[in-house]
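Source file: input-v7.txt (compact mmCIF, C-alpha atoms)
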```txt
# COMPACT_ATOMS: atom_id res chain seq x y z
CA MET A 1 -46.15 -56.11 -5.03
CA ASP A 2 -42.73 -55.67 -3.42
CA ILE A 3 -39.94 -56.09 -5.94
CA SER A 4 -36.71 -57.24 -4.35
CA GLY A 5 -33.30 -57.35 -6.01
CA ALA A 6 -33.48 -61.10 -6.42
CA ASP A 7 -36.89 -60.79 -8.07
CA LEU A 8 -35.52 -58.31 -10.58
CA VAL A 9 -32.64 -60.63 -11.46
CA ARG A 10 -35.01 -63.56 -12.00
CA ALA A 11 -37.40 -61.48 -14.07
CA ALA A 12 -34.58 -60.21 -16.27
CA SER A 13 -33.19 -63.72 -16.71
CA PHE A 14 -36.57 -64.95 -17.97
CA ILE A 15 -36.79 -62.15 -20.49
CA GLY A 16 -33.23 -62.99 -21.49
CA ALA A 17 -34.14 -66.64 -21.98
CA GLY A 18 -37.05 -65.71 -24.20
CA LEU A 19 -34.92 -63.36 -26.30
CA ALA A 20 -32.06 -65.87 -26.49
CA MET A 21 -34.19 -68.68 -27.85
CA GLY A 22 -36.41 -66.47 -29.91
CA LEU A 23 -33.74 -64.53 -31.75
CA GLY A 24 -31.47 -67.56 -31.76
CA ALA A 25 -33.96 -69.57 -33.79
CA ILE A 26 -33.90 -67.13 -36.71
CA GLY A 27 -30.48 -67.91 -38.15
CA PRO A 28 -30.42 -71.72 -38.06
CA GLY A 29 -33.96 -71.84 -39.43
CA ILE A 30 -33.10 -69.83 -42.52
CA GLY A 31 -29.71 -71.52 -42.94
CA GLU A 32 -31.01 -75.07 -42.71
CA GLY A 33 -33.82 -74.22 -45.07
CA PHE A 34 -31.31 -72.93 -47.60
CA VAL A 35 -29.27 -76.16 -47.30
CA GLY A 36 -32.41 -78.23 -47.78
CA GLY A 37 -33.35 -76.23 -50.84
CA LYS A 38 -29.99 -76.71 -52.50
CA ALA A 39 -30.07 -80.43 -51.69
CA CYS A 40 -33.50 -80.79 -53.33
CA GLU A 41 -32.22 -78.94 -56.37
CA ALA A 42 -29.12 -81.17 -56.57
CA ILE A 43 -31.21 -84.33 -56.25
CA GLY A 44 -33.37 -82.99 -59.05
CA ARG A 45 -30.29 -82.75 -61.24
CA ASN A 46 -28.78 -86.08 -60.20
CA PRO A 47 -31.27 -88.45 -58.57
CA ASP A 48 -28.87 -91.41 -58.61
CA GLU A 49 -26.76 -89.72 -55.96
CA ALA A 50 -29.75 -89.19 -53.66
CA GLY A 51 -28.28 -91.15 -50.74
CA LEU A 52 -24.99 -89.26 -50.74
CA LEU A 53 -26.73 -85.93 -51.19
CA THR A 54 -29.18 -86.57 -48.36
CA ARG A 55 -26.35 -87.56 -46.03
CA THR A 56 -24.39 -84.43 -46.92
CA MET A 57 -27.51 -82.32 -46.39
CA LEU A 58 -28.11 -83.80 -42.93
CA VAL A 59 -24.49 -83.25 -41.87
CA ALA A 60 -24.61 -79.66 -43.08
CA GLN A 61 -27.93 -79.02 -41.32
CA ALA A 62 -26.59 -80.53 -38.10
CA VAL A 63 -23.62 -78.17 -38.15
CA ALA A 64 -25.86 -75.19 -38.90
CA GLU A 65 -28.05 -76.29 -35.99
CA SER A 66 -25.19 -75.77 -33.53
CA THR A 67 -25.86 -72.12 -32.80
CA GLY A 68 -29.53 -72.97 -32.26
CA ILE A 69 -28.45 -75.51 -29.66
CA TYR A 70 -26.20 -72.92 -27.98
CA SER A 71 -29.26 -70.65 -27.75
CA LEU A 72 -31.31 -73.46 -26.22
CA VAL A 73 -28.59 -74.18 -23.67
CA VAL A 74 -28.26 -70.51 -22.72
CA ALA A 75 -32.03 -70.18 -22.40
CA LEU A 76 -32.28 -73.24 -20.16
CA LEU A 77 -29.36 -72.01 -18.06
CA LEU A 78 -31.02 -68.63 -17.65
CA ILE A 79 -34.30 -70.23 -16.60
CA PHE A 80 -33.06 -72.89 -14.23
CA VAL A 81 -29.63 -71.92 -12.99
CA VAL A 82 -29.73 -68.13 -12.62
CA MET B 1 -50.34 -60.91 -73.81
CA LYS B 2 -49.83 -57.49 -72.32
CA GLY B 3 -53.43 -57.33 -71.12
CA GLN B 4 -53.22 -60.73 -69.50
CA LEU B 5 -49.98 -59.85 -67.74
CA THR B 6 -51.49 -56.66 -66.35
CA THR B 7 -54.59 -58.54 -65.21
CA LEU B 8 -52.51 -61.18 -63.44
CA MET B 9 -50.40 -58.51 -61.80
CA LEU B 10 -53.43 -56.58 -60.60
CA VAL B 11 -55.17 -59.65 -59.21
CA GLY B 12 -51.99 -60.72 -57.47
CA GLN B 13 -51.50 -57.29 -55.95
CA ALA B 14 -55.14 -57.10 -54.88
CA VAL B 15 -54.75 -60.32 -52.90
CA ALA B 16 -51.43 -59.12 -51.51
CA GLN B 17 -53.24 -56.00 -50.24
CA THR B 18 -55.53 -57.96 -47.96
CA PRO B 19 -53.13 -58.19 -44.97
CA ALA B 20 -52.88 -54.40 -45.02
CA ILE B 21 -56.66 -54.11 -45.24
CA PHE B 22 -57.00 -56.40 -42.20
CA ALA B 23 -54.51 -54.21 -40.33
CA LEU B 24 -56.41 -51.04 -41.28
CA LEU B 25 -59.66 -52.65 -40.16
CA ILE B 26 -58.24 -53.59 -36.76
CA ALA B 27 -56.69 -50.11 -36.35
CA ILE B 28 -60.01 -48.40 -37.07
CA MET B 29 -61.81 -50.73 -34.68
CA LEU B 30 -59.21 -50.11 -31.97
CA ILE B 31 -59.61 -46.35 -32.30
CA SER B 32 -63.37 -46.20 -32.52
CA ILE B 33 -64.64 -49.13 -30.45
CA GLY B 34 -62.92 -48.40 -27.17
CA PRO B 35 -63.14 -50.82 -24.25
CA THR B 36 -66.06 -50.32 -21.90
CA GLN B 37 -63.76 -50.18 -18.90
CA GLY B 38 -60.11 -49.19 -18.98
CA THR B 39 -58.81 -52.04 -16.88
CA ILE B 40 -55.32 -53.44 -16.95
CA LEU B 41 -56.53 -56.43 -18.97
CA THR B 42 -58.26 -54.44 -21.69
CA THR B 43 -55.15 -52.25 -22.03
CA ALA B 44 -53.02 -55.31 -22.62
CA ALA B 45 -55.63 -56.80 -24.95
CA MET B 46 -55.71 -53.70 -27.17
CA LEU B 47 -51.91 -53.54 -27.29
CA GLY B 48 -51.73 -57.24 -28.07
CA ALA B 49 -54.37 -56.96 -30.79
CA GLY B 50 -52.44 -54.17 -32.51
CA ILE B 51 -49.15 -56.02 -32.32
CA SER B 52 -50.68 -59.28 -33.53
CA ILE B 53 -52.13 -57.95 -36.77
CA GLY B 54 -49.44 -55.30 -37.25
CA PHE B 55 -46.54 -57.71 -37.38
CA GLY B 56 -48.59 -60.58 -38.71
CA ALA B 57 -49.36 -58.71 -41.91
CA ILE B 58 -45.66 -58.39 -42.84
CA GLY B 59 -44.98 -61.99 -43.80
CA SER B 60 -48.14 -62.74 -45.75
CA GLY B 61 -47.96 -59.42 -47.55
CA MET B 62 -44.41 -60.03 -48.76
CA GLY B 63 -45.14 -63.67 -49.52
CA ASN B 64 -48.21 -62.97 -51.63
CA GLY B 65 -46.27 -60.33 -53.53
CA ILE B 66 -43.44 -62.73 -54.29
CA ASN B 67 -46.01 -65.30 -55.39
CA ALA B 68 -47.54 -62.82 -57.84
CA GLU B 69 -44.05 -62.00 -59.13
CA GLY B 70 -43.40 -65.67 -59.83
CA ALA B 71 -46.73 -66.05 -61.63
CA CYS B 72 -46.13 -63.00 -63.86
CA PHE B 73 -42.60 -64.14 -64.68
CA ALA B 74 -43.91 -67.62 -65.49
CA ILE B 75 -46.53 -66.48 -67.98
CA SER B 76 -44.04 -64.21 -69.68
CA ARG B 77 -41.79 -67.21 -70.21
CA GLU B 78 -44.52 -69.63 -71.20
CA PRO B 79 -47.64 -67.82 -72.44
CA SER B 80 -49.52 -71.08 -73.02
CA THR B 81 -49.96 -71.49 -69.26
CA THR B 82 -51.76 -68.16 -68.85
CA LYS B 83 -55.23 -69.63 -68.36
CA GLU B 84 -54.29 -71.88 -65.47
CA MET B 85 -51.69 -69.59 -63.91
CA LEU B 86 -54.33 -67.37 -62.33
CA THR B 87 -55.88 -70.31 -60.49
CA PHE B 88 -52.47 -71.63 -59.52
CA MET B 89 -51.39 -68.27 -58.17
CA LEU B 90 -54.62 -67.83 -56.23
CA ILE B 91 -54.29 -71.27 -54.62
CA GLY B 92 -50.77 -70.44 -53.51
CA GLN B 93 -51.84 -67.03 -52.23
CA ALA B 94 -54.82 -68.48 -50.36
CA VAL B 95 -52.59 -70.86 -48.43
CA GLY B 96 -50.06 -68.08 -47.92
CA GLN B 97 -52.76 -65.92 -46.35
CA THR B 98 -53.28 -68.32 -43.48
CA PRO B 99 -50.75 -66.77 -41.05
CA VAL B 100 -52.33 -63.33 -41.39
CA ILE B 101 -55.77 -64.86 -40.88
CA PHE B 102 -54.48 -66.47 -37.68
CA SER B 103 -53.21 -63.01 -36.64
CA LEU B 104 -56.57 -61.42 -37.44
CA VAL B 105 -58.41 -64.07 -35.42
CA VAL B 106 -56.12 -63.55 -32.43
CA SER B 107 -56.57 -59.77 -32.70
CA LEU B 108 -60.35 -60.05 -32.78
CA MET B 109 -60.33 -62.50 -29.88
CA LEU B 110 -58.13 -60.21 -27.83
CA MET B 111 -60.40 -57.25 -28.51
CA PHE B 112 -63.76 -58.86 -27.91
CA ILE B 113 -63.44 -61.73 -25.46
CA SER B 114 -63.40 -61.02 -21.75
CA PHE B 115 -60.79 -63.34 -20.39
CA ASN B 116 -60.94 -65.41 -17.26
CA ILE B 117 -57.46 -64.46 -16.05
CA PRO B 118 -56.48 -62.35 -13.02
CA ALA B 119 -56.39 -58.60 -13.62
CA THR B 120 -52.83 -58.25 -12.42
CA ILE B 121 -49.48 -57.69 -14.07
CA ILE B 122 -49.45 -61.41 -14.93
CA GLY B 123 -52.69 -61.02 -16.88
CA PHE B 124 -51.27 -57.93 -18.61
CA CYS B 125 -48.14 -59.79 -19.67
CA ALA B 126 -50.16 -62.83 -20.77
CA LEU B 127 -52.37 -60.93 -23.21
CA LEU B 128 -49.49 -58.82 -24.50
CA ALA B 129 -47.41 -61.97 -24.99
CA ALA B 130 -50.26 -63.63 -26.91
CA GLY B 131 -50.23 -60.73 -29.35
CA ILE B 132 -46.43 -60.79 -29.68
CA SER B 133 -46.37 -64.55 -30.18
CA MET B 134 -48.90 -64.59 -33.01
CA GLY B 135 -47.75 -61.34 -34.56
CA LEU B 136 -44.09 -62.16 -34.92
CA GLY B 137 -44.59 -65.89 -35.31
CA GLY B 138 -46.57 -65.55 -38.51
CA ILE B 139 -43.95 -63.52 -40.39
CA GLY B 140 -41.72 -66.42 -41.37
CA SER B 141 -44.46 -68.76 -42.54
CA GLY B 142 -46.12 -66.04 -44.59
CA TYR B 143 -42.92 -65.20 -46.42
CA GLY B 144 -41.91 -68.85 -46.83
CA ASN B 145 -45.25 -69.93 -48.27
CA GLY B 146 -45.05 -67.11 -50.80
CA ASP B 147 -41.55 -68.12 -51.85
CA THR B 148 -42.74 -71.71 -52.32
CA ALA B 149 -45.72 -70.69 -54.43
CA SER B 150 -43.55 -68.39 -56.57
CA SER B 151 -41.20 -71.26 -57.44
CA ALA B 152 -44.18 -73.52 -58.09
CA CYS B 153 -45.59 -71.04 -60.62
CA LYS B 154 -42.23 -70.88 -62.39
CA ALA B 155 -41.99 -74.69 -62.33
CA LEU B 156 -45.43 -74.90 -63.92
CA ALA B 157 -44.11 -72.77 -66.75
CA ASP B 158 -41.08 -75.04 -67.17
CA ASN B 159 -43.21 -78.15 -67.37
CA PRO B 160 -46.93 -77.57 -67.96
CA GLU B 161 -47.55 -81.33 -68.23
CA GLY B 162 -46.39 -81.94 -64.69
CA ARG B 163 -48.92 -79.65 -63.08
CA ALA B 164 -50.33 -82.25 -60.69
CA GLY B 165 -46.90 -83.04 -59.27
CA VAL B 166 -45.97 -79.39 -58.86
CA LEU B 167 -49.30 -78.57 -57.21
CA THR B 168 -48.94 -81.46 -54.76
CA MET B 169 -45.36 -80.51 -53.91
CA MET B 170 -46.37 -76.87 -53.40
CA LEU B 171 -49.32 -77.71 -51.15
CA VAL B 172 -47.34 -80.20 -49.05
CA GLY B 173 -44.42 -77.78 -48.77
CA GLN B 174 -46.72 -74.93 -47.77
CA ALA B 175 -48.58 -77.09 -45.27
CA VAL B 176 -45.36 -78.09 -43.51
CA GLY B 177 -44.12 -74.52 -43.75
CA GLN B 178 -47.23 -73.37 -41.86
CA THR B 179 -46.15 -75.23 -38.75
CA PRO B 180 -44.26 -72.36 -37.06
CA ALA B 181 -47.37 -70.17 -37.42
CA ILE B 182 -49.46 -72.97 -35.92
CA PHE B 183 -47.04 -73.24 -32.97
CA ALA B 184 -47.36 -69.46 -32.50
CA LEU B 185 -51.16 -69.70 -32.58
CA LEU B 186 -51.03 -72.54 -30.04
CA VAL B 187 -48.87 -70.50 -27.65
CA ALA B 188 -51.18 -67.49 -28.10
CA PHE B 189 -54.22 -69.61 -27.20
CA ILE B 190 -52.46 -71.13 -24.18
CA LEU B 191 -51.53 -67.64 -23.00
CA MET B 192 -55.04 -66.24 -23.49
CA PHE B 193 -56.89 -69.13 -21.88
CA GLY B 194 -54.33 -70.22 -19.31
CA ASN B 195 -54.72 -70.73 -15.63
CA TYR B 196 -52.61 -68.26 -13.67
CA ALA B 197 -53.08 -69.35 -10.12
CA GLY B 198 -49.65 -68.72 -8.61
CA PRO B 199 -48.48 -65.72 -6.57
CA VAL B 200 -48.27 -62.40 -8.39
CA THR B 201 -44.58 -61.64 -8.66
CA LEU B 202 -42.50 -59.79 -11.22
CA PRO B 203 -40.57 -62.94 -12.28
CA ALA B 204 -43.82 -64.80 -12.94
CA ALA B 205 -45.10 -61.96 -15.11
CA MET B 206 -41.84 -61.63 -17.04
CA ALA B 207 -41.75 -65.40 -17.59
CA VAL B 208 -45.11 -65.24 -19.33
CA LEU B 209 -43.97 -62.29 -21.46
CA ALA B 210 -40.75 -64.09 -22.34
CA ALA B 211 -42.75 -67.12 -23.51
CA GLY B 212 -44.50 -64.93 -26.04
CA ILE B 213 -41.20 -63.36 -27.16
CA SER B 214 -39.56 -66.77 -27.51
CA MET B 215 -42.27 -68.27 -29.72
CA GLY B 216 -42.76 -65.03 -31.59
CA PHE B 217 -39.21 -64.57 -32.79
CA GLY B 218 -38.74 -68.32 -32.94
CA GLY B 219 -41.27 -68.67 -35.71
CA ILE B 220 -39.49 -66.32 -38.11
CA GLY B 221 -36.42 -68.30 -39.17
CA PRO B 222 -37.86 -71.80 -39.60
CA GLY B 223 -40.81 -70.40 -41.53
CA ILE B 224 -38.52 -68.71 -44.05
CA GLY B 225 -36.21 -71.73 -44.19
CA ASN B 226 -39.03 -74.20 -44.81
CA GLY B 227 -40.28 -71.96 -47.59
CA ILE B 228 -36.88 -71.83 -49.30
CA THR B 229 -36.59 -75.64 -49.13
CA ALA B 230 -40.05 -76.19 -50.58
CA ALA B 231 -39.36 -73.59 -53.29
CA SER B 232 -36.29 -75.48 -54.51
CA ALA B 233 -38.17 -78.77 -54.32
CA CYS B 234 -40.99 -77.38 -56.49
CA GLU B 235 -38.44 -76.09 -59.01
CA ALA B 236 -36.72 -79.49 -59.12
CA VAL B 237 -39.99 -81.36 -59.62
CA GLY B 238 -40.74 -79.04 -62.51
CA TYR B 239 -37.61 -80.22 -64.30
CA ARG B 240 -37.89 -83.88 -63.33
CA PRO B 241 -41.46 -84.94 -62.61
CA GLU B 242 -40.53 -88.63 -62.64
CA ASP B 243 -38.56 -88.22 -59.38
CA ARG B 244 -41.53 -86.85 -57.49
CA GLY B 245 -41.49 -89.37 -54.66
CA LEU B 246 -37.77 -88.97 -53.97
CA LEU B 247 -37.97 -85.19 -54.04
CA MET B 248 -41.00 -85.16 -51.74
CA ARG B 249 -39.21 -87.38 -49.22
CA THR B 250 -36.06 -85.24 -49.32
CA MET B 251 -38.08 -82.06 -48.94
CA LEU B 252 -39.95 -83.43 -45.93
CA VAL B 253 -36.72 -84.57 -44.24
CA ALA B 254 -35.10 -81.19 -44.85
CA GLN B 255 -38.14 -79.30 -43.58
CA ALA B 256 -38.35 -81.49 -40.48
CA VAL B 257 -34.74 -80.64 -39.58
CA ALA B 258 -35.26 -76.94 -40.31
CA GLN B 259 -38.32 -77.05 -38.04
CA SER B 260 -36.19 -78.04 -35.04
CA THR B 261 -35.34 -74.56 -33.81
CA ALA B 262 -39.04 -73.66 -33.87
CA ILE B 263 -39.61 -76.69 -31.65
CA TYR B 264 -36.86 -75.51 -29.28
CA ALA B 265 -38.59 -72.10 -29.08
CA LEU B 266 -41.92 -73.83 -28.39
CA VAL B 267 -40.31 -75.93 -25.64
CA ILE B 268 -38.78 -72.84 -24.00
CA ALA B 269 -42.18 -71.11 -24.20
CA PHE B 270 -43.88 -74.09 -22.52
CA VAL B 271 -41.18 -74.26 -19.84
CA LEU B 272 -41.63 -70.55 -19.14
CA ILE B 273 -45.42 -70.83 -18.92
CA PHE B 274 -45.86 -74.11 -17.08
CA VAL B 275 -42.70 -74.89 -15.14
CA VAL B 276 -41.71 -71.47 -13.88
```
Let's see the structure in the file written out as structure tokens.
Amino acid sequence: MDISGADLVRAASFIGAGLAMGLGAIGPGIGEGFVGGKACEAIGRNPDEAGLLTRTMLVAQAVAESTGIYSLVVALLLIFVV
Amino acid sequence: MKGQLTTLMLVGQAVAQTPAIFALLIAIMLISIGPTQGTILTTAAMLGAGISIGFGAIGSGMGNGINAEGACFAISREPSTTKEMLTFMLIGQAVGQTPVIFSLVVSLMLMFISFNIPATIIGFCALLAAGISMGLGGIGSGYGNGDTASSACKALADNPEGRAGVLTMMLVGQAVGQTPAIFALLVAFILMFGNYAGPVTLPAAMAVLAAGISMGFGGIGPGIGNGITAASACEAVGYRPEDRGLLMRTMLVAQAVAQSTAIYALVIAFVLIFVV
């Protein structure tokens, strides 16, 4: 198996994509779970406000998702563009 | 009371030991039952088997321990629940064991099945990646399920009448929280039984390895997050059993959103295996 320079770059970019998405999924997963937990707790205390609380939870989770989406974008760039 | 607390603690710890016992078992087998031929594939398979059970034991071990902690705390607060707390704790621990059982199955498969994949660097990376995917991917779900069960035990102490609701919420929360470990198992199976027909190049091999890394690490965060969500939902249903339906719906929505990064990791793993 002859390994050229271009091959090495492609191989490294795939490993980078795997690391980017893999490690990048840790933070948003824990963060969104925490938000969801607090929302459930708040709805338990005040079920009449369930609609407002659910909306707030979804907005908060969407913002926390943003770094996960950056990771996805970087991974896809590394796979397809590099 | 003191005797019952000690008993509960010892039973809980005994169950929490089992991931370590699985790991010891696999380690002894790896040392003593060597492969019949030292080919590139068996090397990768042995490495993958060790990684799969080694990392896979972390999450379930911690989770089962946290579950036992919740159960002991609960009976100290509400001694009337002592009789049913053992069963409750064991149910939670049994479900929380599932990721480490997946890891054990993948380890045993890697050690004992002769795979139909080419004995090249691609095959090496595939088997190693299968071990990495299942090993790391089970950590989050194991921990999360234990956190959920711990809160459920404490909720049972807060409201012994609402035991059916708390049990349902705990089981549903744990089932959804298992999903990252199931994704990791799926990727491990695809890697072990895949069809590697393309040319043998370094990028192709690294792509396969990266797929395992992506799903492996990608299962950690969502597993923990799902567990934290379900834990708070169980606690809330302990205080307010009449709002069970609303809390279940909210928990499922929250868990579905927290799942999304695990799905991104799964998508990247599939792209790396099938498209590249």
Closest pair table for region 67-170 of chain B residues within 12 Å of region 1-7 of chain A, all atoms listed in the file, as CSV:
```
residue,atom,partner,partner_atom,distance
B:Thr120,CA,A:Met1,CA,10.2
B:Ile121,CA,A:Met1,CA,9.8
B:Ile122,CA,A:Met1,CA,11.7
```
- [ ] Counting all atoms listed in the file, collect the residues of chain B whose closest atom lies at most 6 Å from chain A, and write them out as a PyMOL selection string.
- [x] chain B and resi 203+206-207+210-211+213-214+217-218+220-222+224-226+228-229+232-233+236+254+258+261+265
From CA of Ala269 (chain B) to CA of Ala49 (chain B) the spacing works out at 19.8 Å
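Taking CA of Gly177 (chain B) as the reference point, CA of Arg244 (chain B) is found at 18.6 Å.
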Answer as a list in words, residues within 10 Å of (-55.3, -57.9, -47.4) using only C-alpha atoms: Gln13, Ala14, Val15, Ala16, Gln17, Thr18, Pro19, Ala20, Ile21, Phe22, Ala23, Leu24, Leu25, Ala57, Ser60, Gly61, Asn64, Gln97, Val100 and Ile101 of chain B
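Pairwise distance (CA of Phe102 (chain B), CA of Ser133 (chain B)) equals 11.2 Å.
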